[in-house]
Amino acid sequence: MTVDEHSREITRSPTTFHWGRYEVVTSGGEIVALEPDPADPDPSPIGPGVAEADRAPYRITRPMVREGWLTGSGTRGGDRFVAVRWERALDLTARELDRVRTRHGNAAIYGGSYGWGSAGRFHHPQSQIHRFLAMAGGYTASVNSYSQAAMEVVLPHVIGGGPRSLEERGPSWPEIVDHAELVVSFGGLAAKNAQMVPGGPSRHTQVSWQRAAAGAGVRFVNVSPVRADTEPDLRARWVPIRPATDTALMLALCHVLLTEDLADTDFARRCCVGFDRFRDYVLGTADGCAKDAEWAAAITDIPAGDIRDLARQIAAHRTVINLAWSIQRQDHGEQPYWAGIALAALSGSFGRPGGGPAAGLGIAETGVRGHWSIAALPQPPNPVSPAMPVARIADVLLHPGATIDYNGARLTCPDIRLVYWAGGNPFHHHQDLGRLARAWQRPDTVIVHEAWWNANARHADIVLPVATPLEREDLALGSSDTTITAMHRAAAPPADVPTDHRVFAALAERLGFAERFTEGRTERQWVRELYERTRTRLAASNVDLPDFERFWTDGSASLPEREMRHDGGAFAALRADPDAHPIATPSGRVELVSDTVAGFGYPDCPGMPVWLEPAEWLGAAGAARHPLHLVSNQPRTRLHSQYDGARASREAKVAGREPVDLHPDDARARGIADGDVVRIHNDRGACLAGARLTDAVRPGVVVLATGAWYDPDADGLDRHGNPNVLTRDAGTSRLAQGPTPGTTLVEVSPAGPDPAPVRAFEPPEIVETEPAPGHHGPAHHCPAHGAGNHGAGEKR
């Protein structure tokens with residue numbers, strides 16, 4: 001502790017975000033700086049501006065109710081809000097929950113959340129809302145993620161294990177440094193994606209490991225439409241592929257390996273099933289179409305000679321086939337991951353140290369360290385089943401009673417009457433936001449916990465403001481990290497703004513299960529409990545942690561590095577003796593052909609990796625009208641849409657809007673100059689963005705990062721640059737039903753003079769009509785009051 005020249009006490013306290021560990025500097029109870037942990041060699045630029053958002057004009061500091069919901073009129077997303085007292089807001093929420101579960105059943109409640117709401121384990125909003133709703137009788141939940149849905153579903157059929165088993169069993173960076181010679185990365189290894197990890201990294205070392213591999217002589221190949229998807233220090237060979245054609249390239253590489261006698265057919269026959277059928281497909285024996293280099297050149301726009309050369313390089317070297325998450329967020333997104341496994345199986349490196357397939361190797365600390373687990377808020381079973389694929393929420397809302405094929409099952413869409421959302425922003429994550437906005441009108445009621453007036457709050461009926469990570473106590477441990485961080489409360493929240501947990505505890509009291517929900521613990525006692533459970537769990541692994549008081553005073557506790565293997569792991573054991581060391585597939589082998597998937601009978605995902613033409617791509621007829629392929633990648637200056645108004649994101653805007661990268665040739669043909677405001681459009685929607693000209697994207701491709709706060713005008717034009725007004729809301733296939741934003745064609749044109757101003761950070765109109773104390777307003781204005789009054793949403 002030190003004192004400044006004005007004798008205001010300076011304090012420093014630790015905290016963690018998903019993008020790193022920081023010391024929070026406060027003076028007189030106000031946050032004056034966030035300083036990255038000095039031990040972090042490559043801190044994220046996001047952190048220093050975070051505190052600004054906590055006191056921004058778009059912070060929500062009072063409970064709000066949409067005026068039209070009270071009167072049975074209006075539209076979500078375009079209505080005024082009424083400021084109410086907490087007692088009334090909680091009564092409205094509890095009564096509406098009780099009305100819906102009583103009248104329509106608990107399956108009519110959708111428990112919406114997403115996993116990036118907090119790095120802390122106790123105040124993790126997904127854990128809080130799911131615990132609360134399960135105890136309230138259950139809810140319709142979601143399954144899989146927007147990031148990885150296709151791979152989460154298809155890979156267990158192909159290599160067994162859990163949804164992320166390839167990340168756990170693929171080669172580690174220490175193995176790559178010691179043994180690898182070549183890393184071929186489909187979708188690249190973008191450094192911006194190494195900033196974040198669930199729970200937050202104490203040290204960002206991913207890029208350092210990549211550079212260490214390059215220094216050890218490992219060569220890199222970046223197969224991506226974006227050159228910046230690898231660090232310049234790696235001196236990667238850039239293969240500027242047409243977007244959404246990775247599967248065709250992988251099949252052609254397999255064709256070269258097979259026809260030039262370079263394939264590891266011994267591994268493919270001993271350790272895989274379906275090799276002969278896959279080989280026949282690649283060679284064209286089955287359908288008369290050889291998947292050779294010339295065939296792939298016409299699809300991928302990569303010269304046939306370059307394809308053959310790359311295949312020979314893969315066969316000649318210990319090679320990692322890295323599959324970025326981005327390549328499966330497209331139509332038939334299961335196929336590139338399955339084809340990537342097949343390519344690795346034929347490469348000669350599968351199951352050898354430092355070689356074989358990898359998933360998302362450039363993401364955060366993936367492949368850097370082993371994994372320690374930390375205790376989380378206990379979750380009771382959810383009495384409602386089944387869960388619905390997360391990326392199909394608009395389908396569920398729009399088509400109650402319809403069926404969705406998913407991973408061999410047929411799911412019936414429940415009739416959702418109430419959406420309760422805490423953590424995440426569906427108007428960031430989801431595709432075709434115009435369609436989502438229409439779907440969002442269907443439920444009777446939408447309730448959200450939010451700190452800021454983003455689109456999630458604007459499209460709600462009841463908005464319950466909550467504290468931010470800097471305003472509450474918690475503890476965190478990043479996946480693959482070695483530091484448990486005490487998250488001290490650095491500042492008080494605005495007056496009367498509670499945590500998510502306090503809101504749920506107050507609702508649980510109204511609904512009759514408060515003691516079960518809180519277990520009689522305060523928030524500090526819960527943080528202590530989760531730490532002690534973690535301490536007990538790790539003691540079984542001979543890890544000795546200090547007691548809670550010492551941990552809280554010190555601000556952190558260190559864990560030993562988990563030793564990384566250098567022998568190829570489970571895949572090496574499979575290679576050595578597949579009978580003695582089977583993997584968790586029906587055959588015990590890598591399933592190049594899956595009879596299970598084939599048995600589902602899905603024409604959009606047959607039982608082996610094949611080329612299926614995407615609904616939209618640069619080789620399609622639709623490219624005549626919309627001749628540019630949109631890449632909507634992850635931003636560098638924020639986490640998804642979080643802190644879009646904070647310093648790092650704000651300073652990266654062009655003309656106050658999200659920047660869109662265009663190749664100079666494409667810009668010149670359209671009369672667009674660097675810094676111009678442009679209109680990006682297709683048949684689904686349109687948005688404005690700021691042009692940024694660069695030859696680091698291939699011609700025919702535009703790059704618009706996700707996460708600009710959705711800001712539609714009265715005609716639906718997004719003024720701020722949100723790419724999801726353009727993206728396609730359809731499942732990857734009937735197998736995974738994942739999102740397909742990578743399957744999007746657009747056109748770009750100058751916006752013209754006086755483009756519409758951005759209003760994303762302006763709060764909606766607030767009506768100051770809170771009733772006098774003790775009065776809850778006219779019963780006929782409140783859909784939770786009075787017999788026979790069912791709310792505006794029930795007038796269907």
# chains A, B, ... in the order shown; residues from 1 in each chain; ligands from 1
$ residues_around --residues "Trp295 (chain A)" --least-positions-apart "6" --cutoff "9 Å" --atoms "only C-alpha atoms" --output "JSON, numbers by chain"
{"A": [248, 252, 289, 304]}
$ residues_around --residues "Tyr531 (chain A)" --least-positions-apart "6" --cutoff "9 Å" --atoms "only C-alpha atoms" --output "number ranges by chain"
A: 374-375, 475, 547-548
$ write_last_selection --atoms "N, CA, C and O atoms" --output "short mmCIF file (atom, residue, chain, number, x, y, z; two decimals), in the first residue's frame"
data_model
loop_
_atom_site.label_atom_id
_atom_site.label_comp_id
_atom_site.auth_asym_id
_atom_site.auth_seq_id
_atom_site.Cartn_x
_atom_site.Cartn_y
_atom_site.Cartn_z
N ILE A 374 -10.76 -27.18 -11.00
CA ILE A 374 -11.14 -26.40 -9.83
C ILE A 374 -12.62 -26.65 -9.56
O ILE A 374 -13.41 -26.87 -10.49
N ALA A 375 -13.01 -26.64 -8.30
CA ALA A 375 -14.40 -26.91 -7.94
C ALA A 375 -15.31 -25.82 -8.50
O ALA A 375 -14.93 -24.65 -8.60
N LEU A 475 -12.95 -16.69 -7.14
CA LEU A 475 -11.64 -17.30 -7.38
C LEU A 475 -11.67 -17.92 -8.76
O LEU A 475 -12.74 -18.25 -9.28
N ASP A 547 -4.07 -22.68 3.28
CA ASP A 547 -5.46 -22.54 3.71
C ASP A 547 -6.06 -21.29 3.07
O ASP A 547 -5.37 -20.47 2.46
N PHE A 548 -7.37 -21.14 3.21
CA PHE A 548 -8.07 -20.08 2.51
C PHE A 548 -7.59 -18.70 2.94
O PHE A 548 -7.41 -17.80 2.09
#
$ residues_around --residues "Leu662 (chain A)" --least-positions-apart "3" --cutoff "10 Å" --atoms "only C-alpha atoms" --output "PyMOL selection string"
chain A and resi 628+659+665-668+672+674+691-704+748
$ write_last_selection --atoms "N, CA, C and O atoms" --output "tab-separated table (two decimals), in the first residue's frame"
chain	number	residue	atom	x	y	z
A	628	LEU	N	-18.43	-11.79	-52.89
A	628	LEU	CA	-17.40	-11.77	-51.86
A	628	LEU	C	-17.78	-12.73	-50.74
A	628	LEU	O	-18.94	-12.79	-50.31
A	659	PRO	N	-14.14	-2.35	-38.26
A	659	PRO	CA	-13.42	-2.35	-39.53
A	659	PRO	C	-13.66	-3.63	-40.32
A	659	PRO	O	-13.77	-4.72	-39.75
A	665	ASP	N	-7.69	-4.80	-54.62
A	665	ASP	CA	-8.31	-5.00	-55.94
A	665	ASP	C	-9.84	-4.99	-55.84
A	665	ASP	O	-10.53	-4.41	-56.70
A	666	ASP	N	-10.37	-5.64	-54.80
A	666	ASP	CA	-11.82	-5.65	-54.61
A	666	ASP	C	-12.34	-4.26	-54.29
A	666	ASP	O	-13.42	-3.85	-54.75
A	667	ALA	N	-11.58	-3.51	-53.48
A	667	ALA	CA	-11.99	-2.15	-53.14
A	667	ALA	C	-11.97	-1.24	-54.36
A	667	ALA	O	-12.90	-0.46	-54.60
A	668	ARG	N	-10.91	-1.35	-55.16
A	668	ARG	CA	-10.78	-0.50	-56.35
A	668	ARG	C	-11.93	-0.74	-57.32
A	668	ARG	O	-12.47	0.21	-57.89
A	672	ILE	N	-14.02	2.03	-53.54
A	672	ILE	CA	-13.90	2.16	-52.09
A	672	ILE	C	-12.46	2.53	-51.73
A	672	ILE	O	-11.51	1.90	-52.21
A	674	ASP	N	-9.59	3.47	-48.51
A	674	ASP	CA	-9.30	3.15	-47.13
A	674	ASP	C	-9.95	4.18	-46.20
A	674	ASP	O	-9.83	5.38	-46.41
A	691	ALA	N	-14.02	0.68	-43.97
A	691	ALA	CA	-13.14	-0.07	-44.87
A	691	ALA	C	-11.68	0.05	-44.42
A	691	ALA	O	-11.19	1.14	-44.10
A	692	ARG	N	-11.00	-1.10	-44.45
A	692	ARG	CA	-9.57	-1.16	-44.17
A	692	ARG	C	-8.94	-2.02	-45.26
A	692	ARG	O	-9.18	-3.21	-45.33
A	693	LEU	N	-8.15	-1.42	-46.12
A	693	LEU	CA	-7.60	-2.11	-47.29
A	693	LEU	C	-6.30	-2.81	-46.92
A	693	LEU	O	-5.42	-2.23	-46.27
A	694	THR	N	-6.18	-4.09	-47.34
A	694	THR	CA	-4.99	-4.86	-47.03
A	694	THR	C	-4.85	-6.02	-48.01
A	694	THR	O	-5.85	-6.61	-48.43
A	695	ASP	N	-3.61	-6.32	-48.37
A	695	ASP	CA	-3.39	-7.50	-49.22
A	695	ASP	C	-3.16	-8.75	-48.38
A	695	ASP	O	-2.76	-9.79	-48.91
A	696	ALA	N	-3.43	-8.66	-47.08
A	696	ALA	CA	-3.30	-9.83	-46.20
A	696	ALA	C	-4.54	-10.71	-46.23
A	696	ALA	O	-4.60	-11.71	-45.52
A	697	VAL	N	-5.54	-10.34	-47.03
A	697	VAL	CA	-6.67	-11.23	-47.31
A	697	VAL	C	-6.65	-11.52	-48.81
A	697	VAL	O	-6.25	-10.68	-49.61
A	698	ARG	N	-7.08	-12.69	-49.20
A	698	ARG	CA	-7.07	-13.05	-50.61
A	698	ARG	C	-8.19	-12.29	-51.33
A	698	ARG	O	-9.22	-11.96	-50.71
A	699	PRO	N	-8.03	-12.00	-52.61
A	699	PRO	CA	-9.12	-11.36	-53.36
A	699	PRO	C	-10.39	-12.21	-53.28
A	699	PRO	O	-10.35	-13.44	-53.23
A	700	GLY	N	-11.52	-11.52	-53.25
A	700	GLY	CA	-12.80	-12.21	-53.15
A	700	GLY	C	-13.24	-12.49	-51.74
A	700	GLY	O	-14.31	-13.09	-51.54
A	701	VAL	N	-12.46	-12.06	-50.74
A	701	VAL	CA	-12.76	-12.32	-49.34
A	701	VAL	C	-12.79	-10.99	-48.58
A	701	VAL	O	-11.96	-10.11	-48.83
A	702	VAL	N	-13.76	-10.84	-47.69
A	702	VAL	CA	-13.78	-9.71	-46.76
A	702	VAL	C	-13.83	-10.27	-45.35
A	702	VAL	O	-14.42	-11.33	-45.10
A	703	VAL	N	-13.19	-9.58	-44.41
A	703	VAL	CA	-13.08	-10.05	-43.03
A	703	VAL	C	-13.69	-9.00	-42.12
A	703	VAL	O	-13.23	-7.86	-42.06
A	704	LEU	N	-14.74	-9.40	-41.42
A	704	LEU	CA	-15.44	-8.52	-40.47
A	704	LEU	C	-15.59	-9.29	-39.16
A	704	LEU	O	-16.35	-10.25	-39.08
A	748	VAL	N	-20.25	-5.65	-51.23
A	748	VAL	CA	-19.85	-4.46	-50.49
A	748	VAL	C	-19.92	-3.27	-51.44
A	748	VAL	O	-19.47	-3.37	-52.59
$ residues_around --residues "Arg438 (chain A)" --least-positions-apart "2" --cutoff "10 Å" --atoms "only C-alpha atoms" --output "ChimeraX atom specification"
/A:75-76,394,397-398,433-436,440-442
$ residues_around --residues "Ala268 (chain A)" --least-positions-apart "4" --cutoff "7 Å" --atoms "only C-alpha atoms" --output "mmCIF file with all heavy atoms, in the first residue's frame"
data_model
loop_
_atom_site.group_PDB
_atom_site.id
_atom_site.type_symbol
_atom_site.label_atom_id
_atom_site.label_comp_id
_atom_site.auth_asym_id
_atom_site.auth_seq_id
_atom_site.Cartn_x
_atom_site.Cartn_y
_atom_site.Cartn_z
ATOM 1 N N ASP A 264 0.714 -43.853 -45.387
ATOM 2 C CA ASP A 264 1.027 -44.817 -44.327
ATOM 3 C C ASP A 264 -0.108 -45.839 -44.276
ATOM 4 O O ASP A 264 -0.963 -45.832 -43.377
ATOM 5 C CB ASP A 264 1.167 -44.082 -42.996
ATOM 6 C CG ASP A 264 1.621 -44.985 -41.857
ATOM 7 O OD1 ASP A 264 1.764 -46.201 -42.084
ATOM 8 O OD2 ASP A 264 1.808 -44.474 -40.737
ATOM 9 N N CYS A 272 -7.073 -48.281 -38.135
ATOM 10 C CA CYS A 272 -8.284 -47.598 -38.573
ATOM 11 C C CYS A 272 -9.253 -48.622 -39.130
ATOM 12 O O CYS A 272 -8.865 -49.752 -39.467
ATOM 13 C CB CYS A 272 -7.977 -46.564 -39.670
ATOM 14 S SG CYS A 272 -6.719 -45.342 -39.235
ATOM 15 N N PHE A 275 -10.661 -48.087 -44.225
ATOM 16 C CA PHE A 275 -9.660 -47.526 -45.131
ATOM 17 C C PHE A 275 -9.983 -47.842 -46.588
ATOM 18 O O PHE A 275 -9.880 -46.962 -47.461
ATOM 19 C CB PHE A 275 -8.267 -48.052 -44.768
ATOM 20 C CG PHE A 275 -7.234 -47.760 -45.828
ATOM 21 C CD1 PHE A 275 -6.860 -46.462 -46.124
ATOM 22 C CD2 PHE A 275 -6.644 -48.797 -46.551
ATOM 23 C CE1 PHE A 275 -5.924 -46.186 -47.114
ATOM 24 C CE2 PHE A 275 -5.711 -48.532 -47.543
ATOM 25 C CZ PHE A 275 -5.354 -47.227 -47.825
ATOM 26 N N ALA A 345 -4.066 -39.718 -40.644
ATOM 27 C CA ALA A 345 -3.878 -41.170 -40.616
ATOM 28 C C ALA A 345 -2.999 -41.650 -41.760
ATOM 29 O O ALA A 345 -2.248 -42.626 -41.608
ATOM 30 C CB ALA A 345 -5.235 -41.866 -40.661
ATOM 31 N N LEU A 346 -3.082 -40.986 -42.906
ATOM 32 C CA LEU A 346 -2.271 -41.386 -44.062
ATOM 33 C C LEU A 346 -0.911 -40.709 -44.091
ATOM 34 O O LEU A 346 -0.054 -41.083 -44.895
ATOM 35 C CB LEU A 346 -3.025 -41.057 -45.363
ATOM 36 C CG LEU A 346 -4.375 -41.740 -45.580
ATOM 37 C CD1 LEU A 346 -4.937 -41.373 -46.952
ATOM 38 C CD2 LEU A 346 -4.256 -43.250 -45.452
#
$ select_by_dssp --residues "region 144-355 of chain A" --states "alpha helix (DSSP H)" --output "VMD selection string"
chain A and resid 149 to 158 165 to 169 173 to 179 206 to 215 246 to 259 265 to 270 275 to 283 293 to 300 304 to 316 334 to 347
$ write_last_selection --atoms "C-alpha atoms" --output "compact mmCIF listing (two decimals), in the first residue's frame"
# COMPACT_ATOMS: atom_id res chain seq x y z
CA ALA A 149 -20.40 -27.79 -32.17
CA ALA A 150 -19.52 -29.79 -35.31
CA MET A 151 -16.26 -31.18 -33.91
CA GLU A 152 -17.87 -31.81 -30.50
CA VAL A 153 -20.35 -34.18 -32.12
CA VAL A 154 -18.42 -35.81 -34.97
CA LEU A 155 -15.06 -36.52 -33.30
CA PRO A 156 -16.41 -38.91 -30.62
CA HIS A 157 -17.64 -41.06 -33.52
CA VAL A 158 -14.24 -40.92 -35.24
CA SER A 165 -10.73 -35.23 -26.76
CA LEU A 166 -8.54 -34.28 -29.71
CA GLU A 167 -7.32 -31.20 -27.87
CA GLU A 168 -6.42 -33.45 -24.95
CA ARG A 169 -4.75 -36.17 -27.06
CA TRP A 173 3.91 -27.75 -28.01
CA PRO A 174 6.82 -29.29 -26.05
CA GLU A 175 6.42 -32.41 -28.21
CA ILE A 176 6.28 -30.27 -31.34
CA VAL A 177 9.43 -28.35 -30.39
CA ASP A 178 11.30 -31.59 -29.70
CA HIS A 179 10.04 -33.82 -32.49
CA GLN A 206 1.11 -19.82 -26.67
CA VAL A 207 2.87 -17.49 -29.11
CA SER A 208 6.20 -18.04 -27.31
CA TRP A 209 5.85 -21.78 -27.88
CA GLN A 210 5.08 -21.22 -31.55
CA ARG A 211 8.22 -19.10 -31.87
CA ALA A 212 10.23 -21.72 -29.99
CA ALA A 213 9.07 -24.32 -32.50
CA ALA A 214 10.09 -22.08 -35.40
CA GLY A 215 13.44 -21.55 -33.71
CA ASP A 246 -10.71 -27.20 -46.78
CA THR A 247 -12.28 -30.64 -47.14
CA ALA A 248 -11.62 -30.69 -50.89
CA LEU A 249 -7.96 -29.82 -50.31
CA MET A 250 -7.57 -32.52 -47.64
CA LEU A 251 -9.08 -35.16 -49.92
CA ALA A 252 -6.74 -34.16 -52.73
CA LEU A 253 -3.74 -34.37 -50.39
CA CYS A 254 -4.88 -37.89 -49.51
CA HIS A 255 -5.15 -38.67 -53.25
CA VAL A 256 -1.52 -37.64 -53.81
CA LEU A 257 -0.36 -39.72 -50.83
CA LEU A 258 -2.22 -42.75 -52.14
CA THR A 259 -1.30 -42.51 -55.82
CA THR A 265 -1.22 -47.70 -45.32
CA ASP A 266 0.14 -49.86 -42.50
CA PHE A 267 -1.32 -47.51 -39.87
CA ALA A 268 -4.51 -47.05 -41.90
CA ARG A 269 -5.11 -50.81 -42.11
CA ARG A 270 -4.04 -51.81 -38.58
CA PHE A 275 -9.66 -47.53 -45.13
CA ASP A 276 -10.58 -49.43 -48.29
CA ARG A 277 -13.92 -47.61 -48.67
CA PHE A 278 -12.33 -44.23 -48.01
CA ARG A 279 -9.52 -44.99 -50.49
CA ASP A 280 -12.04 -45.98 -53.15
CA TYR A 281 -13.91 -42.72 -52.67
CA VAL A 282 -10.73 -40.62 -52.91
CA LEU A 283 -9.49 -42.48 -55.98
CA ALA A 293 -5.05 -32.24 -57.33
CA GLU A 294 -6.64 -30.91 -60.51
CA TRP A 295 -10.12 -31.57 -59.14
CA ALA A 296 -9.28 -29.74 -55.92
CA ALA A 297 -7.56 -26.87 -57.73
CA ALA A 298 -10.83 -25.96 -59.43
CA ILE A 299 -12.60 -25.90 -56.06
CA THR A 300 -9.96 -24.37 -53.77
CA ALA A 304 -2.50 -28.39 -58.55
CA GLY A 305 1.28 -28.31 -58.38
CA ASP A 306 1.16 -26.62 -54.98
CA ILE A 307 -1.25 -29.28 -53.71
CA ARG A 308 1.06 -32.09 -54.81
CA ASP A 309 4.08 -30.35 -53.28
CA LEU A 310 2.31 -29.90 -49.95
CA ALA A 311 1.30 -33.58 -49.86
CA ARG A 312 4.89 -34.64 -50.49
CA GLN A 313 6.12 -32.34 -47.73
CA ILE A 314 3.58 -33.84 -45.31
CA ALA A 315 4.75 -37.37 -46.14
CA ALA A 316 8.44 -36.51 -45.90
CA GLU A 334 -18.22 -32.00 -39.69
CA GLN A 335 -16.40 -32.90 -42.90
CA PRO A 336 -13.12 -30.93 -42.58
CA TYR A 337 -12.52 -32.35 -39.11
CA TRP A 338 -13.20 -35.90 -40.27
CA ALA A 339 -11.12 -35.39 -43.43
CA GLY A 340 -8.33 -33.91 -41.31
CA ILE A 341 -8.22 -37.07 -39.20
CA ALA A 342 -8.06 -39.14 -42.40
CA LEU A 343 -5.23 -37.00 -43.77
CA ALA A 344 -3.30 -37.40 -40.51
CA ALA A 345 -3.88 -41.17 -40.62
CA LEU A 346 -2.27 -41.39 -44.06
CA SER A 347 0.49 -38.89 -43.31
$ residues_around --residues "Pro741 (chain A)" --least-positions-apart "6" --cutoff "7 Å" --atoms "only C-alpha atoms" --output "VMD selection string"
chain A and resid 329 to 330 431 727 to 728
$ residues_around --residues "Val725 (chain A)" --least-positions-apart "4" --cutoff "9 Å" --atoms "only C-alpha atoms" --output "list in words"
Gln431, Asp432, Leu433, Gly434, Arg435, His681, Arg684, Gly685, Ala686, Cys687, Tyr710, Gly716, Leu717, Asp718 and Gly721 of chain A
$ write_last_selection --atoms "all heavy atoms" --output "CSV table (one decimal), in the first residue's frame"
chain,number,residue,atom,x,y,z
A,431,GLN,N,-26.6,-16.4,-35.5
A,431,GLN,CA,-26.5,-16.0,-36.9
A,431,GLN,C,-27.9,-15.5,-37.3
A,431,GLN,O,-28.9,-15.7,-36.7
A,431,GLN,CB,-26.1,-17.2,-37.8
A,431,GLN,CG,-24.7,-17.6,-37.8
A,431,GLN,CD,-24.2,-18.1,-36.4
A,431,GLN,OE1,-24.6,-19.2,-36.0
A,431,GLN,NE2,-23.3,-17.4,-35.8
A,432,ASP,N,-27.8,-14.7,-38.4
A,432,ASP,CA,-29.0,-14.1,-39.0
A,432,ASP,C,-29.9,-13.4,-37.9
A,432,ASP,O,-30.9,-13.8,-37.6
A,432,ASP,CB,-29.9,-15.2,-39.8
A,432,ASP,CG,-30.9,-14.5,-40.7
A,432,ASP,OD1,-31.1,-13.3,-40.6
A,432,ASP,OD2,-31.5,-15.3,-41.5
A,433,LEU,N,-29.3,-12.3,-37.5
A,433,LEU,CA,-30.0,-11.6,-36.3
A,433,LEU,C,-31.3,-11.1,-36.6
A,433,LEU,O,-32.2,-10.9,-35.7
A,433,LEU,CB,-29.0,-10.5,-35.8
A,433,LEU,CG,-27.7,-10.9,-35.2
A,433,LEU,CD1,-26.9,-9.8,-34.7
A,433,LEU,CD2,-28.0,-11.9,-34.0
A,434,GLY,N,-31.6,-10.8,-37.9
A,434,GLY,CA,-33.0,-10.4,-38.3
A,434,GLY,C,-34.0,-11.5,-38.0
A,434,GLY,O,-35.0,-11.3,-37.4
A,435,ARG,N,-33.6,-12.7,-38.3
A,435,ARG,CA,-34.4,-13.9,-38.0
A,435,ARG,C,-34.5,-14.1,-36.5
A,435,ARG,O,-35.6,-14.4,-36.0
A,435,ARG,CB,-33.9,-15.1,-38.7
A,435,ARG,CG,-34.7,-16.4,-38.5
A,435,ARG,CD,-34.1,-17.5,-39.4
A,435,ARG,NE,-35.0,-18.7,-39.4
A,435,ARG,CZ,-34.8,-19.8,-38.7
A,435,ARG,NH1,-33.7,-19.9,-37.9
A,435,ARG,NH2,-35.7,-20.8,-38.7
A,681,HIS,N,-23.8,-6.3,-47.6
A,681,HIS,CA,-25.2,-6.7,-47.7
A,681,HIS,C,-25.4,-8.0,-48.5
A,681,HIS,O,-24.5,-8.4,-49.3
A,681,HIS,CB,-26.1,-5.6,-48.4
A,681,HIS,CG,-25.6,-5.2,-49.7
A,681,HIS,ND1,-26.0,-5.7,-50.9
A,681,HIS,CD2,-24.6,-4.3,-50.1
A,681,HIS,CE1,-25.4,-5.2,-51.9
A,681,HIS,NE2,-24.5,-4.3,-51.5
A,684,ARG,N,-30.1,-11.5,-46.6
A,684,ARG,CA,-30.5,-11.7,-45.2
A,684,ARG,C,-30.5,-10.3,-44.5
A,684,ARG,O,-31.3,-10.1,-43.5
A,684,ARG,CB,-29.6,-12.7,-44.5
A,684,ARG,CG,-29.9,-14.1,-44.9
A,684,ARG,CD,-29.0,-15.1,-44.2
A,684,ARG,NE,-27.7,-15.0,-44.7
A,684,ARG,CZ,-27.2,-15.8,-45.7
A,684,ARG,NH1,-28.0,-16.6,-46.3
A,684,ARG,NH2,-26.0,-15.7,-46.1
A,685,GLY,N,-29.6,-9.4,-44.9
A,685,GLY,CA,-29.5,-8.2,-44.1
A,685,GLY,C,-28.4,-7.3,-44.6
A,685,GLY,O,-27.8,-7.6,-45.7
A,686,ALA,N,-28.1,-6.3,-43.9
A,686,ALA,CA,-27.0,-5.3,-44.3
A,686,ALA,C,-26.5,-4.6,-43.1
A,686,ALA,O,-27.2,-4.5,-42.0
A,686,ALA,CB,-27.6,-4.3,-45.3
A,687,CYS,N,-25.2,-4.2,-43.1
A,687,CYS,CA,-24.6,-3.5,-42.1
A,687,CYS,C,-23.6,-2.5,-42.6
A,687,CYS,O,-23.2,-2.6,-43.8
A,687,CYS,CB,-23.9,-4.4,-41.1
A,687,CYS,SG,-22.4,-5.2,-41.7
A,710,TYR,N,-24.9,-5.0,-31.7
A,710,TYR,CA,-26.0,-5.0,-32.7
A,710,TYR,C,-26.7,-3.6,-32.6
A,710,TYR,O,-27.2,-3.3,-31.5
A,710,TYR,CB,-26.9,-6.1,-32.5
A,710,TYR,CG,-28.1,-6.3,-33.3
A,710,TYR,CD1,-28.0,-6.2,-34.7
A,710,TYR,CD2,-29.3,-6.7,-32.8
A,710,TYR,CE1,-29.1,-6.4,-35.5
A,710,TYR,CE2,-30.4,-6.9,-33.6
A,710,TYR,CZ,-30.3,-6.7,-35.0
A,710,TYR,OH,-31.4,-6.9,-35.8
A,716,GLY,N,-33.8,-2.2,-40.2
A,716,GLY,CA,-33.0,-3.4,-40.0
A,716,GLY,C,-31.6,-3.3,-40.3
A,716,GLY,O,-30.8,-4.2,-40.2
A,717,LEU,N,-31.1,-2.1,-40.9
A,717,LEU,CA,-29.7,-1.9,-41.2
A,717,LEU,C,-28.9,-1.8,-39.9
A,717,LEU,O,-29.2,-0.9,-39.1
A,717,LEU,CB,-29.6,-0.6,-42.1
A,717,LEU,CG,-28.1,-0.2,-42.3
A,717,LEU,CD1,-27.4,-1.1,-43.3
A,717,LEU,CD2,-28.1,1.3,-42.9
A,718,ASP,N,-27.9,-2.6,-39.8
A,718,ASP,CA,-27.1,-2.5,-38.6
A,718,ASP,C,-26.0,-1.4,-38.9
A,718,ASP,O,-25.3,-1.5,-39.8
A,718,ASP,CB,-26.4,-3.8,-38.3
A,718,ASP,CG,-25.4,-3.7,-37.1
A,718,ASP,OD1,-25.9,-3.6,-36.0
A,718,ASP,OD2,-24.2,-3.7,-37.3
A,721,GLY,N,-21.7,-2.6,-37.7
A,721,GLY,CA,-20.8,-3.6,-38.3
A,721,GLY,C,-20.9,-4.9,-37.6
A,721,GLY,O,-19.8,-5.6,-37.5
$ closest_atom_pairs --of "region 125-244 of chain A" --to "region 570-583 of chain A" --cutoff "9 Å" --atoms "only C-alpha atoms" --output "Markdown table"
| residue | atom | partner | partner_atom | distance |
| --- | --- | --- | --- | --- |
| A:Ile159 | CA | A:Ile583 | CA | 6.9 |
| A:Gly160 | CA | A:Ile583 | CA | 6.2 |
| A:Gly161 | CA | A:Ile583 | CA | 7.8 |
| A:Arg169 | CA | A:Ala570 | CA | 6.8 |
| A:Gly170 | CA | A:Phe571 | CA | 8.3 |
